[in-house]
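Text of my_file-v2.txt (compact mmCIF, C-alpha atoms) as supplied:
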```txt
# COMPACT_ATOMS: atom_id res chain seq x y z
CA LEU J 27 148.91 60.94 122.48
CA TYR J 28 151.31 63.84 122.39
CA ASP J 29 154.76 63.03 123.78
CA PRO J 30 155.71 64.98 126.93
CA THR J 31 158.74 66.55 125.27
CA ARG J 32 159.89 70.13 125.13
CA ILE J 33 159.47 70.26 121.35
CA GLU J 34 155.83 69.23 121.77
CA TYR J 35 155.07 72.14 124.10
CA LEU J 36 156.31 74.53 121.42
CA GLU J 37 155.02 72.90 118.23
CA LYS J 38 151.68 71.54 119.49
CA GLY J 39 151.13 74.22 122.11
CA TYR J 40 152.52 77.68 121.53
CA ASN J 41 152.72 77.49 117.73
CA ILE J 42 149.19 76.26 116.98
CA ASN J 43 147.09 76.39 120.16
CA SER J 44 145.49 79.82 120.55
CA THR J 45 144.91 79.39 124.31
CA VAL J 46 148.55 78.55 125.07
CA PHE J 47 149.80 81.28 122.74
CA SER J 48 147.51 83.94 124.21
CA LEU J 49 148.24 83.06 127.83
CA ILE J 50 152.02 82.96 127.48
CA ASN J 51 152.10 86.08 125.32
CA ILE J 52 150.19 88.16 127.86
CA MET J 53 152.44 86.85 130.65
CA ALA J 54 155.59 87.69 128.67
CA THR J 55 154.33 91.17 127.80
CA LYS J 56 153.40 91.89 131.41
CA THR J 57 156.73 90.59 132.72
CA SER J 58 158.72 92.81 130.36
CA SER J 59 156.73 95.86 131.51
CA VAL J 60 157.65 95.58 135.20
CA PRO J 61 160.02 98.43 136.17
CA TYR J 62 163.36 97.56 137.76
CA TYR J 63 166.28 99.33 139.36
CA ILE J 64 169.90 98.53 140.15
CA LYS J 65 171.33 99.82 143.41
CA ASP J 66 174.20 99.08 145.76
CA ILE J 67 173.32 97.10 148.87
CA GLU J 68 173.80 99.21 152.02
CA ASP J 69 172.32 96.85 154.62
CA LYS J 70 172.08 93.11 153.89
CA GLN J 71 169.98 92.50 156.99
CA ALA J 72 167.41 95.04 155.80
CA VAL J 73 167.35 93.31 152.40
CA LYS J 74 166.55 89.98 154.08
CA ARG J 75 163.85 91.55 156.25
CA LEU J 76 162.27 93.17 153.20
CA GLU J 77 162.24 89.85 151.35
CA MET J 78 160.71 88.13 154.38
CA LEU J 79 157.99 90.79 154.58
CA GLU J 80 157.14 90.40 150.90
CA LYS J 81 156.98 86.60 151.18
CA ALA J 82 154.99 86.65 154.42
CA THR J 83 152.36 89.03 153.05
CA ASN J 84 152.53 87.75 149.47
CA PHE J 85 152.54 91.46 148.54
CA ASN J 86 149.05 91.80 150.00
CA MET J 87 150.29 94.37 152.50
CA SER J 88 148.28 96.51 154.82
CA THR J 89 149.00 100.22 154.77
CA GLN J 90 151.29 99.91 157.80
CA GLN J 91 153.19 97.00 156.21
CA HIS J 92 153.52 98.94 152.97
CA ILE J 93 155.04 101.88 154.84
CA LYS J 94 157.37 99.44 156.64
CA SER J 95 158.51 98.05 153.28
CA LEU J 96 159.28 101.59 152.08
CA GLU J 97 161.37 102.19 155.19
CA LEU J 98 163.29 98.93 154.66
CA LYS J 99 163.97 99.85 151.03
CA GLU J 100 165.42 103.19 152.11
CA LYS J 101 167.69 101.41 154.57
CA ALA J 102 168.60 98.41 152.43
CA TYR J 103 169.70 100.11 149.19
CA SER J 104 171.64 103.17 148.14
CA LYS J 105 169.58 106.18 147.12
CA SER J 106 171.16 106.53 143.70
CA GLU J 107 170.37 104.05 140.93
CA LYS J 108 172.86 102.55 138.54
CA PRO J 109 172.38 102.02 134.81
CA PHE J 110 172.23 98.49 133.49
CA PRO J 111 175.84 97.54 132.71
CA MET J 112 174.93 96.62 129.12
CA GLU J 113 172.75 98.85 126.94
CA LYS J 114 171.54 95.83 124.95
CA PRO J 115 172.00 92.12 125.66
CA ASN J 116 173.12 91.47 122.08
CA ALA J 117 172.99 92.97 118.62
CA ASN J 118 169.58 91.48 117.84
CA GLN J 119 167.55 92.18 120.98
CA THR J 120 166.58 94.84 123.48
CA TRP J 121 166.33 94.02 127.17
CA SER J 122 162.53 94.18 126.89
CA GLU J 123 162.59 91.51 124.16
CA PHE J 124 165.10 89.49 126.17
CA ILE J 125 162.90 89.45 129.30
CA SER J 126 159.81 88.68 127.25
CA LEU J 127 161.53 85.69 125.63
CA TYR J 128 162.87 84.60 129.04
CA LYS J 129 159.31 84.37 130.32
CA THR J 130 158.18 82.52 127.18
CA PHE J 131 160.89 79.85 127.48
CA LEU J 132 160.30 79.42 131.21
CA LYS J 133 156.55 78.93 130.85
CA LEU J 134 156.85 76.65 127.83
CA ASP J 135 159.81 74.54 128.81
CA GLY J 136 160.45 75.08 132.50
CA ASN J 137 164.08 75.94 131.63
CA VAL J 138 166.00 79.04 130.58
CA TYR J 139 169.63 78.96 129.44
CA ILE J 140 171.42 82.32 129.40
CA TYR J 141 174.72 82.22 127.53
CA ILE J 142 177.28 84.85 128.57
CA LEU J 143 179.75 85.63 125.81
CA LYS J 144 182.96 87.24 127.00
CA PRO J 145 186.52 87.51 125.67
CA GLU J 146 188.43 84.41 126.73
CA LEU J 147 191.91 85.90 126.30
CA ARG J 148 191.70 88.60 128.98
CA GLU J 149 191.60 87.73 132.66
CA GLY J 150 188.49 89.22 134.30
CA ALA J 151 187.03 90.42 130.98
CA GLU J 152 183.48 91.73 131.18
CA PRO J 153 180.68 90.11 129.14
CA SER J 154 180.24 91.52 125.65
CA GLN J 155 177.00 89.77 124.65
CA VAL J 156 174.23 87.81 126.37
CA TYR J 157 171.99 85.33 124.57
CA LEU J 158 168.99 83.19 125.41
CA LEU J 159 169.66 79.71 124.04
CA PRO J 160 166.65 77.80 122.60
CA SER J 161 165.57 75.75 125.60
CA GLN J 162 163.82 73.05 123.58
CA TYR J 163 167.12 72.04 121.93
CA MET J 164 169.39 72.18 124.97
CA GLN J 165 170.94 69.10 126.58
CA ILE J 166 172.70 68.88 129.95
CA VAL J 167 175.81 66.71 129.76
CA VAL J 168 176.80 65.28 133.15
CA LYS J 169 180.27 64.27 134.26
CA ASN J 170 181.41 60.66 134.16
CA ASN J 171 180.77 58.64 137.33
CA VAL J 172 179.29 61.69 139.02
CA ASP J 173 177.66 61.48 142.44
CA PHE J 174 174.39 63.44 142.28
CA LEU J 175 174.30 63.59 146.06
CA GLY J 176 177.87 64.84 146.43
CA VAL J 177 179.32 68.33 146.72
CA GLU J 178 180.64 68.48 143.15
CA ASN J 179 178.67 70.17 140.39
CA PRO J 180 177.42 67.23 138.29
CA ILE J 181 177.18 69.28 135.06
CA ASP J 182 180.13 68.98 132.69
CA HIS J 183 178.78 71.24 129.94
CA TYR J 184 175.66 72.17 127.99
CA MET J 185 174.99 71.15 124.40
CA LEU J 186 172.76 72.72 121.76
CA THR J 187 171.42 69.93 119.56
CA TYR J 188 169.66 70.94 116.36
CA GLY J 189 169.51 68.59 113.40
CA LYS J 190 173.07 67.41 112.80
CA SER J 191 174.60 70.37 114.64
CA TYR J 192 176.08 69.93 118.12
CA ILE J 193 177.42 73.02 119.88
CA ASP J 194 179.05 72.81 123.32
CA PHE J 195 178.86 75.57 125.94
CA LYS J 196 181.04 75.62 129.04
CA ALA J 197 179.06 75.28 132.25
CA GLU J 198 180.60 78.46 133.71
CA ASN J 199 179.34 80.49 130.72
CA VAL J 200 175.71 79.41 131.07
CA ILE J 201 173.18 80.53 133.66
CA HIS J 202 170.53 77.83 133.98
CA ILE J 203 167.20 78.98 135.46
CA LYS J 204 164.56 76.31 136.00
CA TYR J 205 161.40 75.28 137.77
CA ALA J 206 161.52 72.61 140.48
CA ASN J 207 161.38 69.03 139.19
CA PRO J 208 160.46 66.06 141.42
CA ASN J 209 161.28 63.49 138.71
CA TYR J 210 164.65 61.85 139.42
CA ASP J 211 166.83 59.39 137.57
CA GLU J 212 170.54 58.46 137.40
CA ASN J 213 170.92 60.15 134.01
CA GLY J 214 170.23 63.58 135.48
CA ALA J 215 166.59 64.10 134.47
CA HIS J 216 166.13 66.06 137.70
CA LEU J 217 168.67 68.65 136.50
CA TYR J 218 166.10 69.92 134.02
CA GLY J 219 163.19 72.07 135.09
CA MET J 220 159.67 70.69 134.73
CA SER J 221 157.38 72.44 132.28
CA GLN J 222 154.10 73.68 133.75
CA LEU J 223 152.44 72.48 130.55
CA ALA J 224 153.38 68.85 131.28
CA ALA J 225 150.20 68.20 133.25
CA ALA J 226 148.13 70.12 130.68
CA LEU J 227 149.43 68.22 127.65
CA ARG J 228 146.25 66.16 127.28
CA ASN J 229 144.17 69.34 127.49
CA ILE J 230 146.30 70.86 124.73
CA GLN J 231 145.72 67.77 122.58
CA SER J 232 141.99 67.80 123.37
CA SER J 233 141.78 71.50 122.51
CA ASN J 234 143.61 71.00 119.21
CA GLU J 235 141.42 68.05 118.24
CA ALA J 236 138.23 69.94 119.13
CA THR J 237 139.35 72.79 116.88
CA ASP J 238 140.17 70.32 114.09
CA LEU J 239 136.72 68.76 114.48
CA ASN J 240 135.05 72.16 114.17
CA ILE J 241 136.96 72.82 110.96
CA LYS J 242 136.02 69.43 109.49
CA THR J 243 132.37 69.95 110.44
CA LEU J 244 132.31 73.33 108.70
CA GLN J 245 134.08 71.94 105.64
CA ASN J 246 131.57 69.06 105.41
CA GLY J 247 128.62 71.38 105.84
CA GLY J 248 127.33 69.40 108.81
CA ALA J 249 127.03 65.81 109.96
CA PHE J 250 127.72 63.04 107.42
CA GLY J 251 125.59 59.99 106.68
CA PHE J 252 123.88 57.94 103.94
CA LEU J 253 121.10 58.65 101.42
CA HIS J 254 118.75 55.77 100.77
CA GLY J 255 115.55 55.08 98.90
CA LYS J 256 112.57 54.89 101.26
CA SER J 257 110.21 52.80 99.17
CA ILE J 258 112.52 51.46 96.45
CA PRO J 259 116.18 50.66 97.23
CA LEU J 260 118.74 52.63 95.20
CA SER J 261 120.86 50.74 92.74
CA VAL J 262 124.60 51.24 92.65
CA ASP J 263 124.29 53.34 89.48
CA GLN J 264 121.52 55.47 90.94
CA ALA J 265 123.50 56.10 94.12
CA GLY J 266 126.56 57.08 92.06
CA GLU J 267 124.49 59.50 89.96
CA ILE J 268 123.02 61.15 93.05
CA LYS J 269 126.47 61.53 94.58
CA ASP J 270 127.83 63.09 91.37
CA ARG J 271 124.88 65.47 91.23
CA LEU J 272 125.48 66.52 94.85
CA LYS J 273 129.10 67.32 94.00
CA GLU J 274 127.97 69.44 91.04
CA MET J 275 125.47 71.27 93.23
CA LYS J 276 128.11 72.03 95.81
CA ALA J 277 130.59 73.31 93.21
CA ASP J 278 128.06 75.44 91.29
CA SER J 279 127.29 78.88 92.77
CA GLY J 280 124.34 79.57 90.45
CA ASP J 281 120.92 80.56 91.82
CA LEU J 282 119.23 77.28 90.78
CA SER J 283 122.22 75.03 91.40
CA LYS J 284 120.86 73.68 94.69
CA ILE J 285 117.62 72.42 93.12
CA THR J 286 117.38 68.93 91.63
CA ALA J 287 114.82 66.16 91.13
CA VAL J 288 114.65 62.44 91.86
CA SER J 289 112.09 59.87 90.78
CA SER J 290 111.49 58.36 94.21
CA GLU J 291 111.37 59.42 97.85
CA LEU J 292 114.77 59.52 99.55
CA GLY J 293 115.75 59.19 103.19
CA PHE J 294 118.90 60.19 105.10
CA LEU J 295 120.60 58.08 107.75
CA ARG J 296 122.88 60.23 109.90
CA MET J 297 126.10 58.50 110.99
CA SER J 298 127.72 61.19 113.17
CA LEU J 299 126.89 63.54 116.00
CA THR J 300 126.21 67.19 115.31
CA ALA J 301 128.35 69.97 116.77
CA ASP J 302 125.50 70.76 119.16
CA GLU J 303 125.47 67.16 120.41
CA LEU J 304 129.25 66.95 120.71
CA LYS J 305 129.43 70.37 122.42
CA PRO J 306 133.05 70.98 121.38
CA PHE J 307 132.92 74.54 122.65
CA GLU J 308 132.16 73.29 126.15
CA TYR J 309 135.25 71.08 125.99
CA LEU J 310 137.28 74.00 124.65
CA LYS J 311 136.26 76.10 127.66
CA TRP J 312 137.18 73.27 130.03
CA ASP J 313 140.56 72.74 128.35
CA ALA J 314 141.30 76.48 128.38
CA LYS J 315 140.55 76.60 132.11
CA GLN J 316 142.86 73.65 132.86
CA ILE J 317 145.69 75.10 130.74
CA ALA J 318 145.30 78.43 132.56
CA ASN J 319 145.36 76.65 135.92
CA CYS J 320 148.60 74.84 135.08
CA LEU J 321 150.22 78.08 133.91
CA ILE J 322 149.13 79.84 137.15
CA TRP J 323 146.72 82.23 135.47
CA SER J 324 143.11 83.15 136.18
CA ASP J 325 140.49 82.06 133.66
CA LYS J 326 138.60 85.25 134.56
CA LEU J 327 141.20 87.09 132.46
CA LEU J 328 140.70 84.93 129.35
CA ASN J 329 138.49 87.48 127.57
CA SER J 330 135.44 85.53 128.70
CA ASP J 331 132.34 87.02 130.26
CA GLU J 332 131.68 83.91 132.33
CA GLY J 333 132.65 84.42 135.95
CA ALA J 334 134.33 87.77 135.22
CA LYS J 335 132.70 90.60 137.17
CA TYR J 336 133.85 94.11 137.86
CA ASP J 337 134.59 93.37 141.51
CA ASN J 338 136.66 90.21 140.93
CA VAL J 339 138.65 91.09 137.80
CA GLY J 340 140.81 93.51 139.79
CA LYS J 341 141.50 90.83 142.39
CA ALA J 342 142.34 88.34 139.64
CA GLU J 343 144.78 90.79 138.03
CA LYS J 344 146.57 91.28 141.33
CA TRP J 345 146.54 87.52 141.99
CA VAL J 346 148.33 86.69 138.73
CA ILE J 347 150.93 89.41 139.36
CA VAL J 348 151.72 87.95 142.78
CA ASN J 349 151.57 84.26 141.88
CA ASN J 350 152.80 84.27 138.29
CA ILE J 351 154.84 87.36 137.42
CA VAL J 352 156.66 87.85 140.74
CA PRO J 353 158.01 84.29 141.27
CA ASP J 354 159.51 84.13 137.77
CA LEU J 355 161.10 87.56 138.12
CA ARG J 356 162.55 86.48 141.47
CA LEU J 357 164.27 83.55 139.73
CA LEU J 358 165.77 85.97 137.22
CA GLU J 359 166.79 88.39 139.99
CA GLU J 360 168.66 85.71 141.92
CA ALA J 361 170.45 84.48 138.80
CA LEU J 362 171.56 87.93 137.64
CA ASN J 363 172.59 89.08 141.10
CA ASP J 364 174.58 85.93 141.75
CA LYS J 365 176.19 85.17 138.37
CA PHE J 366 175.89 88.18 136.06
CA LEU J 367 176.20 91.59 137.74
CA PRO J 368 179.38 90.68 139.72
CA LEU J 369 181.14 90.16 136.36
CA PHE J 370 181.14 93.95 135.82
CA LYS J 371 183.52 96.34 137.51
CA GLY J 372 181.75 98.46 140.11
CA TYR J 373 178.75 96.11 140.32
CA GLU J 374 180.23 93.59 142.76
CA ASN J 375 177.95 94.82 145.57
CA SER J 376 174.98 95.74 143.37
CA CYS J 377 171.67 94.02 142.87
CA ILE J 378 168.79 94.28 140.44
CA LYS J 379 165.26 94.46 141.79
CA TRP J 380 161.97 94.33 139.88
CA ASP J 381 159.47 96.54 141.70
CA VAL J 382 156.02 95.09 141.07
CA MET J 383 154.50 97.56 143.55
CA GLU J 384 154.86 100.18 140.80
CA LEU J 385 152.34 98.33 138.62
CA PRO J 386 148.80 99.80 138.54
CA GLU J 387 147.33 96.46 139.66
CA MET J 388 149.38 96.62 142.86
CA GLN J 389 148.72 100.23 143.88
CA VAL J 390 147.42 100.67 147.41
CA ASP J 391 144.68 103.07 148.41
CA MET J 392 146.58 106.36 148.11
CA GLU J 393 144.07 108.26 150.25
CA THR J 394 144.60 105.86 153.15
CA LEU J 395 148.37 105.80 152.60
CA THR J 396 148.54 109.61 152.63
CA SER J 397 146.55 109.67 155.85
CA TRP J 398 149.01 107.26 157.49
CA LEU J 399 152.00 109.25 156.27
CA ASN J 400 150.55 112.47 157.67
```
Before we go any further, please render this structure as structure tokens.
Amino acid sequence: LYDPTRIEYLEKGYNINSTVFSLINIMATKTSSVPYYIKDIEDKQAVKRLEMLEKATNFNMSTQQHIKSLELKEKAYSKSEKPFPMEKPNANQTWSEFISLYKTFLKLDGNVYIYILKPELREGAEPSQVYLLPSQYMQIVVKNNVDFLGVENPIDHYMLTYGKSYIDFKAENVIHIKYANPNYDENGAHLYGMSQLAAALRNIQSSNEATDLNIKTLQNGGAFGFLHGKSIPLSVDQAGEIKDRLKEMKADSGDLSKITAVSSELGFLRMSLTADELKPFEYLKWDAKQIANCLIWSDKLLNSDEGAKYDNVGKAEKWVIVNNIVPDLRLLEEALNDKFLPLFKGYENSCIKWDVMELPEMQVDMETLTSWLN
């Protein structure tokens, strides 16, 4: 069985499993395409009311509620937008790449570690670079004799462990974003987020093994078994000659290479199930569905005609935006608003907001909305 480790989710899942790769890639691409804005907060109460409205309706707002949300936005935030305080997170990435990789790490590992690099010599220096640390190699180092139920932060520092390299990162320079984790122990296992692929690990293994079986079946040209003489048993030498001749026939591409002769009637005893009997593609569909379920995605959007109809694809697209894209962007919003934007001069009272209502999947009936506005 695959080990439920973060390396396994990457190496056995994302790197070689087409279902995991496709699902997470489409999520990451969609997440990076959501428009955002940065504005100053004018009315904190209006911000809370707007958040409550979005959570209560799960973004499935009526026309009146949608108009109410627009009114709250006008009241909650300043009219003018601010540019992102950094043009690029670092020398190697754009913000679009950064957000895409953020989503990939979160879905694979359940954890995201954002390292903020800033000059240590100047008091109040603004960040100069921002990096996403490889989640699968990160370790949380807890303080000695820490009380996990106390008021003190139990994390001493973070450590990047790769091969024989060990790199420490101060806790105050790392923003740790994670999924909820019900698993608890005295070593701090609950401080890590839980990967959504943990429950789907057996489906990933099953999917990989079904794919391997298909490859082996194709390579073998079908089910394997034994040739035998029907009326006269084959001697060891005769069996060896027949096997050698079969190898020659397989290697020779000539027109008459697949024709041969034997002196007695032969039979074939099959020792394995055929692909039709094993039905590996049925198992692959089942595994793909379970992996999609664990990653909070609709199997109707898996490029499959089964169950996908014109009237329900649109609903499925909206469902995954609300239940997959929005919650992960909210985690990023909270982290940046709390621990990143206040590090920049003039952004102490600012907040970043991803506006999923601008996506085509979330557009309301404009004819009805216009009627209400009139």
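Atom pair atom CA of J:Met164 / atom CA of J:Leu186: separated by 4.7 Å.
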Test item: which residues lie within 12 Å of (147.2, 76.9, 121.6) counting only C-alpha atoms, as a VMD selection string: chain J and resid 34 to 51 134 223 226 to 227 229 to 237 310 313 to 314 317 to 318
Take the residues from that selection and write them out as a CSV table (one decimal), in the coordinates of the input, keeping C-alpha atoms.
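Once written, again-v1.csv looks like this:
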```
chain,number,residue,atom,x,y,z
J,34,GLU,CA,155.8,69.2,121.8
J,35,TYR,CA,155.1,72.1,124.1
J,36,LEU,CA,156.3,74.5,121.4
J,37,GLU,CA,155.0,72.9,118.2
J,38,LYS,CA,151.7,71.5,119.5
J,39,GLY,CA,151.1,74.2,122.1
J,40,TYR,CA,152.5,77.7,121.5
J,41,ASN,CA,152.7,77.5,117.7
J,42,ILE,CA,149.2,76.3,117.0
J,43,ASN,CA,147.1,76.4,120.2
J,44,SER,CA,145.5,79.8,120.6
J,45,THR,CA,144.9,79.4,124.3
J,46,VAL,CA,148.6,78.6,125.1
J,47,PHE,CA,149.8,81.3,122.7
J,48,SER,CA,147.5,83.9,124.2
J,49,LEU,CA,148.2,83.1,127.8
J,50,ILE,CA,152.0,83.0,127.5
J,51,ASN,CA,152.1,86.1,125.3
J,134,LEU,CA,156.8,76.6,127.8
J,223,LEU,CA,152.4,72.5,130.6
J,226,ALA,CA,148.1,70.1,130.7
J,227,LEU,CA,149.4,68.2,127.6
J,229,ASN,CA,144.2,69.3,127.5
J,230,ILE,CA,146.3,70.9,124.7
J,231,GLN,CA,145.7,67.8,122.6
J,232,SER,CA,142.0,67.8,123.4
J,233,SER,CA,141.8,71.5,122.5
J,234,ASN,CA,143.6,71.0,119.2
J,235,GLU,CA,141.4,68.0,118.2
J,236,ALA,CA,138.2,69.9,119.1
J,237,THR,CA,139.4,72.8,116.9
J,310,LEU,CA,137.3,74.0,124.6
J,313,ASP,CA,140.6,72.7,128.4
J,314,ALA,CA,141.3,76.5,128.4
J,317,ILE,CA,145.7,75.1,130.7
J,318,ALA,CA,145.3,78.4,132.6
```
Test item: residues at most 10 Å from stretch 167-182 of chain J, all atoms listed in the file, excluding those fewer than 5 positions along its chain, as a list in words: Asp194, Phe195, Lys196, Ala197, Glu198, Asp211, Glu212, Asn213, Gly214, His216 and Leu217 of chain J
Neighbour list for stretch 322-324 of chain J as a short mmCIF file (atom, residue, chain, number, x, y, z; two decimals) with C-alpha atoms, keeping the file's coordinate frame, cut-off 12 Å, only C-alpha atoms, skip fewer than 6 positions in-chain:
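The resulting file, result.cif, is reproduced below:
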```
data_model
loop_
_atom_site.label_atom_id
_atom_site.label_comp_id
_atom_site.auth_asym_id
_atom_site.auth_seq_id
_atom_site.Cartn_x
_atom_site.Cartn_y
_atom_site.Cartn_z
CA THR J 45 144.91 79.39 124.31
CA VAL J 46 148.55 78.55 125.07
CA SER J 48 147.51 83.94 124.21
CA LEU J 49 148.24 83.06 127.83
CA ILE J 50 152.02 82.96 127.48
CA ILE J 52 150.19 88.16 127.86
CA MET J 53 152.44 86.85 130.65
CA LYS J 133 156.55 78.93 130.85
CA GLN J 222 154.10 73.68 133.75
CA LEU J 223 152.44 72.48 130.55
CA ALA J 226 148.13 70.12 130.68
CA ALA J 314 141.30 76.48 128.38
CA LYS J 315 140.55 76.60 132.11
CA GLN J 316 142.86 73.65 132.86
CA SER J 330 135.44 85.53 128.70
CA GLY J 333 132.65 84.42 135.95
CA ALA J 334 134.33 87.77 135.22
CA ASN J 338 136.66 90.21 140.93
CA VAL J 339 138.65 91.09 137.80
CA GLY J 340 140.81 93.51 139.79
CA LYS J 341 141.50 90.83 142.39
CA ALA J 342 142.34 88.34 139.64
CA GLU J 343 144.78 90.79 138.03
CA LYS J 344 146.57 91.28 141.33
CA TRP J 345 146.54 87.52 141.99
CA VAL J 346 148.33 86.69 138.73
CA ILE J 347 150.93 89.41 139.36
CA VAL J 348 151.72 87.95 142.78
CA ASN J 349 151.57 84.26 141.88
CA ASN J 350 152.80 84.27 138.29
CA ILE J 351 154.84 87.36 137.42
CA VAL J 352 156.66 87.85 140.74
CA PRO J 353 158.01 84.29 141.27
CA ASP J 354 159.51 84.13 137.77
#
```
Gap from atom CA of J:Ile140 to atom CA of J:Thr57 - Å, one decimal: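 Computing it gives 17.2 Å between the two atoms.
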Shortest interatomic distance to J:Gln389 - which of J:Asn116, J:Ala225, J:Thr89, J:Phe250, counting all atoms listed in the file: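 Comparing J:Asn116, J:Ala225, J:Thr89, J:Phe250 against J:Gln389, the winner is J:Thr89.
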Between atom CA of J:Ser257 and atom CA of J:Lys284, distance in Å (one decimal):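 Taking atom CA of J:Ser257 as the start and atom CA of J:Lys284 as the end point, the length is 23.9 Å.
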Contacts of stretch 187-192 of chain J at 10 Å (only C-alpha atoms; same-chain gap of 5+ positions) as an MDAnalysis selection string: chainID J and resid 160 162:165
